[in-house]
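Text of structure.cif (mmCIF, C-alpha atoms and all ligand atoms) as supplied:
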data_model
#
loop_
_atom_site.label_atom_id
_atom_site.label_comp_id
_atom_site.auth_asym_id
_atom_site.auth_seq_id
_atom_site.Cartn_x
_atom_site.Cartn_y
_atom_site.Cartn_z
CA MET A 1 48.94 -6.08 91.94
CA GLY A 2 47.14 -4.70 94.98
CA ALA A 3 48.20 -7.67 97.08
CA TRP A 4 51.79 -7.29 95.93
CA SER A 5 52.06 -3.63 96.82
CA SER A 6 50.42 -4.19 100.17
CA LEU A 7 52.89 -7.02 100.82
CA ARG A 8 55.75 -4.70 99.95
CA GLY A 9 54.23 -2.08 102.16
CA TRP A 10 54.00 -4.60 104.99
CA ILE A 11 57.62 -5.70 104.54
CA GLY A 12 58.70 -2.06 104.35
CA GLY A 13 56.74 -1.43 107.52
CA LEU A 14 58.88 -4.00 109.29
CA GLY A 15 61.79 -1.67 108.76
CA LEU A 16 64.03 -4.43 107.39
CA SER A 17 67.03 -3.35 105.40
CA ARG A 18 67.70 -4.47 101.86
CA ARG A 19 70.48 -6.63 103.24
CA VAL A 20 68.11 -8.61 105.42
CA ILE A 21 65.56 -9.09 102.65
CA VAL A 22 67.96 -9.96 99.80
CA THR A 23 71.36 -11.00 101.13
CA TYR A 24 70.40 -13.17 104.06
CA PRO A 25 68.12 -15.54 102.14
CA ILE A 26 70.85 -16.03 99.51
CA LEU A 27 73.46 -16.76 102.18
CA ALA A 28 71.05 -19.10 103.93
CA THR A 29 70.39 -20.99 100.68
CA VAL A 30 74.10 -21.33 99.93
CA ALA A 31 74.76 -22.54 103.48
CA LEU A 32 71.90 -25.03 103.25
CA LEU A 33 73.19 -26.38 99.91
CA GLY A 34 76.59 -26.81 101.54
CA ILE A 35 75.21 -28.62 104.56
CA ILE A 36 73.07 -31.08 102.60
CA GLN A 37 76.21 -32.25 100.72
CA LEU A 38 77.17 -33.97 103.97
CA VAL A 39 74.18 -36.32 103.85
CA PRO A 40 75.61 -39.75 102.93
CA TYR A 41 72.55 -40.91 100.96
CA GLY A 42 72.90 -40.69 97.18
CA ARG A 43 76.66 -41.03 96.84
CA GLN A 44 77.06 -44.80 96.66
CA HIS A 45 76.52 -44.92 92.88
CA SER A 46 76.25 -48.67 93.00
CA ASN A 47 76.59 -50.93 89.99
CA PRO A 48 76.31 -54.49 91.35
CA PRO A 49 77.49 -57.42 89.19
CA VAL A 50 75.38 -58.34 86.16
CA THR A 51 73.75 -61.70 86.90
CA GLY A 52 71.66 -62.22 83.78
CA GLU A 53 70.16 -60.37 80.85
CA PRO A 54 67.25 -61.16 78.55
CA ALA A 55 68.24 -63.10 75.44
CA TRP A 56 67.94 -59.99 73.27
CA ALA A 57 66.63 -60.80 69.78
CA THR A 58 69.34 -58.72 68.09
CA PRO A 59 72.36 -56.64 69.16
CA GLU A 60 70.38 -53.58 68.03
CA THR A 61 67.62 -54.44 70.51
CA ARG A 62 70.13 -54.41 73.35
CA ASP A 63 71.78 -51.25 72.06
CA LEU A 64 68.45 -49.38 72.00
CA MET A 65 67.56 -50.66 75.47
CA VAL A 66 70.94 -49.51 76.79
CA ARG A 67 70.42 -46.06 75.30
CA ALA A 68 66.86 -45.57 76.55
CA CYS A 69 66.58 -47.67 79.71
CA TYR A 70 69.93 -48.72 81.19
CA GLY A 71 70.45 -45.34 82.84
CA CYS A 72 67.99 -46.56 85.50
CA HIS A 73 66.99 -50.21 84.97
CA SER A 74 70.40 -51.87 84.97
CA ASN A 75 73.60 -52.45 86.90
CA GLU A 76 75.47 -50.49 84.23
CA VAL A 77 74.29 -47.04 85.23
CA ASP A 78 76.44 -44.25 83.85
CA TRP A 79 76.28 -41.95 86.87
CA PRO A 80 76.52 -38.36 85.55
CA TRP A 81 78.69 -35.75 87.33
CA TYR A 82 75.64 -33.96 88.71
CA SER A 83 74.61 -37.16 90.47
CA ASN A 84 77.29 -36.19 93.01
CA ILE A 85 75.48 -33.03 94.04
CA ALA A 86 72.64 -33.02 96.54
CA PRO A 87 69.71 -32.72 96.17
CA LEU A 88 70.03 -34.02 92.56
CA SER A 89 71.99 -37.02 93.87
CA TRP A 90 69.04 -37.96 96.09
CA VAL A 91 66.52 -37.73 93.26
CA ILE A 92 68.68 -39.73 90.83
CA THR A 93 69.58 -42.44 93.35
CA ASN A 94 65.93 -42.76 94.28
CA HIS A 95 64.93 -43.11 90.60
CA VAL A 96 67.52 -45.82 90.01
CA ASP A 97 66.58 -47.69 93.20
CA GLU A 98 62.88 -47.63 92.28
CA ALA A 99 63.56 -48.51 88.66
CA ARG A 100 65.78 -51.48 89.57
CA ASP A 101 63.09 -52.58 91.98
CA GLU A 102 60.50 -52.68 89.17
CA VAL A 103 62.70 -54.31 86.55
CA ASN A 104 66.45 -54.71 86.41
CA TYR A 105 67.57 -55.94 82.98
CA SER A 106 70.96 -56.82 84.49
CA GLU A 107 69.36 -59.19 86.99
CA PHE A 108 66.92 -60.73 84.58
CA GLY A 109 65.31 -63.97 85.68
CA SER A 110 65.72 -63.27 89.38
CA GLY A 111 61.97 -62.99 90.01
CA HIS A 112 60.20 -59.86 91.30
CA GLN A 113 60.24 -58.30 87.83
CA GLU A 114 57.72 -56.18 85.95
CA ALA A 115 59.53 -57.10 82.73
CA ASP A 116 56.30 -58.08 80.97
CA ASP A 117 55.33 -54.39 80.97
CA THR A 118 58.46 -53.44 79.02
CA ILE A 119 56.82 -53.17 75.59
CA GLU A 120 53.72 -51.52 76.98
CA THR A 121 55.66 -48.70 78.66
CA ILE A 122 57.50 -47.95 75.41
CA LEU A 123 54.31 -47.99 73.34
CA ASP A 124 52.40 -45.72 75.73
CA GLY A 125 55.41 -43.39 75.98
CA SER A 126 55.66 -43.57 79.78
CA MET A 127 59.25 -44.89 79.61
CA PRO A 128 61.79 -43.43 79.62
CA PRO A 129 60.20 -40.80 81.92
CA ALA A 130 59.89 -37.37 80.30
CA SER A 131 62.13 -35.83 82.99
CA TYR A 132 65.02 -38.03 81.82
CA THR A 133 65.44 -36.11 78.56
CA LEU A 134 64.43 -32.69 79.88
CA PHE A 135 66.81 -29.78 79.21
CA GLY A 136 68.57 -31.79 76.49
CA LEU A 137 69.82 -34.37 78.98
CA HIS A 138 70.39 -37.93 77.73
CA PRO A 139 69.78 -37.17 74.04
CA GLU A 140 70.73 -40.81 73.28
CA ALA A 141 67.50 -41.88 75.02
CA ASN A 142 65.34 -39.86 72.61
CA LEU A 143 64.53 -42.65 70.17
CA SER A 144 63.21 -41.76 66.73
CA ASP A 145 59.94 -43.34 65.55
CA GLU A 146 61.92 -45.83 63.45
CA GLU A 147 64.17 -46.74 66.38
CA ARG A 148 61.19 -47.18 68.68
CA ALA A 149 59.48 -49.44 66.14
CA ALA A 150 62.67 -51.47 65.72
CA LEU A 151 62.99 -51.74 69.48
CA VAL A 152 59.41 -52.93 69.95
CA SER A 153 59.71 -55.59 67.27
CA GLY A 154 63.04 -56.70 68.75
CA LEU A 155 61.48 -56.93 72.19
CA ARG A 156 58.53 -58.94 70.84
CA ALA A 157 61.11 -61.45 69.58
CA THR A 158 62.93 -61.52 72.93
CA PRO A 159 61.75 -64.22 75.35
CA GLY A 160 60.39 -63.19 78.74
CA LEU A 161 59.05 -59.78 77.76
CA ASP A 162 55.64 -60.94 76.57
CA GLU A 163 53.07 -58.25 76.26
CA GLU A 164 50.10 -58.39 78.56
CA GLU A 165 46.78 -59.14 76.91
CA HIS A 166 45.08 -55.77 76.72
CA GLU A 167 42.87 -56.60 73.77
CA ASP A 168 40.33 -58.05 76.22
CA GLU A 169 39.80 -54.65 77.81
CA ASP A 170 39.25 -53.05 74.40
CA GLU A 171 36.74 -55.72 73.50
CA ASP A 172 34.86 -55.14 76.74
CA GLU A 173 34.67 -51.45 75.95
CA GLU A 174 33.30 -52.19 72.50
CA HIS A 175 30.63 -54.43 74.00
CA ASP A 176 29.72 -51.66 76.41
CA ASP A 177 29.21 -49.32 73.45
CA ASP A 178 26.89 -51.85 71.82
CA ASP A 179 24.67 -52.04 74.86
C1 LIG A 201 65.13 -41.91 84.69
C2 LIG A 201 65.13 -43.31 85.02
C3 LIG A 201 64.36 -44.27 84.12
C4 LIG A 201 64.59 -44.58 82.80
C5 LIG A 201 65.64 -44.02 81.88
C6 LIG A 201 63.61 -45.59 82.46
N1 LIG A 201 62.82 -45.87 83.55
FE1 LIG A 201 61.40 -47.31 83.70
N2 LIG A 201 60.98 -46.75 85.60
C7 LIG A 201 61.64 -45.77 86.31
C8 LIG A 201 61.04 -45.64 87.63
C9 LIG A 201 61.49 -44.65 88.69
C10 LIG A 201 60.01 -46.61 87.70
C11 LIG A 201 59.08 -46.87 88.88
C12 LIG A 201 58.06 -45.83 89.07
C13 LIG A 201 57.12 -45.74 87.89
O1 LIG A 201 56.48 -46.73 87.54
O2 LIG A 201 57.03 -44.64 87.33
C14 LIG A 201 59.99 -47.29 86.41
C15 LIG A 201 59.12 -48.31 86.09
C16 LIG A 201 59.20 -49.08 84.97
C17 LIG A 201 58.42 -50.28 84.71
C18 LIG A 201 57.42 -50.94 85.63
C19 LIG A 201 56.24 -50.08 85.89
C20 LIG A 201 55.21 -50.12 84.82
O3 LIG A 201 54.80 -49.03 84.36
O4 LIG A 201 54.80 -51.20 84.41
C21 LIG A 201 58.79 -50.74 83.47
C22 LIG A 201 58.26 -51.98 82.76
C23 LIG A 201 59.79 -49.81 82.95
N3 LIG A 201 60.03 -48.81 83.88
C24 LIG A 201 60.41 -49.95 81.72
C25 LIG A 201 61.32 -49.03 81.19
C26 LIG A 201 61.85 -49.12 79.84
C27 LIG A 201 61.49 -50.21 78.84
C28 LIG A 201 62.68 -48.07 79.68
C29 LIG A 201 63.42 -47.65 78.42
C30 LIG A 201 62.63 -47.50 77.22
C31 LIG A 201 62.71 -47.32 80.94
N4 LIG A 201 61.86 -47.94 81.81
C32 LIG A 201 63.50 -46.19 81.21
C33 LIG A 201 62.72 -45.03 85.86
C34 LIG A 201 63.25 -45.08 84.58
#
Just give me the structure as structure tokens.
Ligand code: HEC
Amino acid sequence: MGAWSSLRGWIGGLGLSRRVIVTYPILATVALLGIIQLVPYGRQHSNPPVTGEPAWATPETRDLMVRACYGCHSNEVDWPWYSNIAPLSWVITNHVDEARDEVNYSEFGSGHQEADDTIETILDGSMPPASYTLFGLHPEANLSDEERAALVSGLRATPGLDEEEHEDEDEDEEHDDDD
């Protein structure tokens, strides 16, 4: 409170008009938002050809993966309208680039894939990222408990998505407790 009023006092002491303090920053922000629209990055909205997909155990498995994961980890990205507006376009393009780099279910079998972490990320809740469904966006990606369980069992029956062996770590921890 004290700091705030002394700040206001200091600003007042500068003798700046209300226009300078309120209007100019708003105009500057609007101008800046306009200028950054000219940056070419983030407007390509690429969807390269699909070269191979996992042999999904069931059509439902694929359907659930499309709903929860294909917005980033595929070459069938449904680019939303706001992905045309910087700086959102930069953030979204960057997410998709990074996600495809980790695992692209449309280029399955092309090496360089973290596909064997697929089940793990769903079980630990790290994928899809929380920000993806923030503000009611992408409600289709909010899987119910039943859908998530169906997805995991479908993925366990899909070749190439084997879970990593994490039981070893748990066992080690138990041994540590015994000591
Ligand atoms: C909003 C975009 C987005 C969605 C939707 C999304 N991911 Fe990701 N994913 C990313 C990004 C970005 C990375 C790389 C950075 C990181 O690891 O957080 C990543 C990394 C990964 C990785 C490799 C890294 C690791 O933790 O092992 C796997 C596996 C993965 N995602 C699986 C999935 C699955 C399965 C789904 C659907 C249930 C999904 N993702 C949905 C953006 C997304």
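A straight line drawn from atom C6 of ligand LIG 201 (chain A) to CA of Gly52 (chain A) is 18.5 Å long.
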Would you mind listing the residues within 8 Å of ligand LIG 201 (chain A), counting only C-alpha atoms and all ligand atoms, as a PyMOL selection string?
chain A and resi 65-73+92+94-103+114-122+126-129+131-132+141
List as number ranges by chain the protein and nucleic acid residues near Asp145 (chain A), meaning an atom at most 12 Å away when all atoms listed in the file are counted, but skip any in the same chain fewer than 6 places from it.
A: 122-123, 125, 151-152
Export of the given selection (C-alpha atoms) as a short mmCIF file (atom, residue, chain, number, x, y, z; two decimals), keeping the file's coordinate frame:
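Saved the output as out22.cif:
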data_model
loop_
_atom_site.label_atom_id
_atom_site.label_comp_id
_atom_site.auth_asym_id
_atom_site.auth_seq_id
_atom_site.Cartn_x
_atom_site.Cartn_y
_atom_site.Cartn_z
CA ILE A 122 57.50 -47.95 75.41
CA LEU A 123 54.31 -47.99 73.34
CA GLY A 125 55.41 -43.39 75.98
CA LEU A 151 62.99 -51.74 69.48
CA VAL A 152 59.41 -52.93 69.95
#
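The protein and nucleic acid residues lying at most 12 Å from Pro40 (chain A) are Ile35, Ile36, Gln44, His45, Asn84, Ile85, Ala86, Pro87, Ser89, Trp90 and Thr93 of chain A, with all atoms listed in the file considered and sequence neighbours fewer than 4 positions away removed.
Here CA of Ala130 (chain A) and CA of Phe108 (chain A) stand 24.8 Å from one another.
One finds CA of Asn47 (chain A) at 23.2 Å from CA of Gly160 (chain A).
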Distance criterion (all atoms listed in the file): nearest to Ala150 (chain A) out of A:Thr61, A:Asn75, A:Thr133, A:Ser17:
A:Thr61
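Nearest residue to Ser106 (chain A), choosing from A:Ser153, A:Thr58, A:Thr51, A:Ser83 and counting only C-alpha atoms: A:Thr51.
Counting only C-alpha atoms, the residue from A:Leu155, A:Leu64, A:Leu7, A:Val50 that sits nearest to Glu140 (chain A) is A:Leu64.
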Taking into account all atoms listed in the file, which residue in the set A:Leu134, A:Val91, A:Leu143, A:Leu27 is nearest to Tyr41 (chain A)?
A:Val91
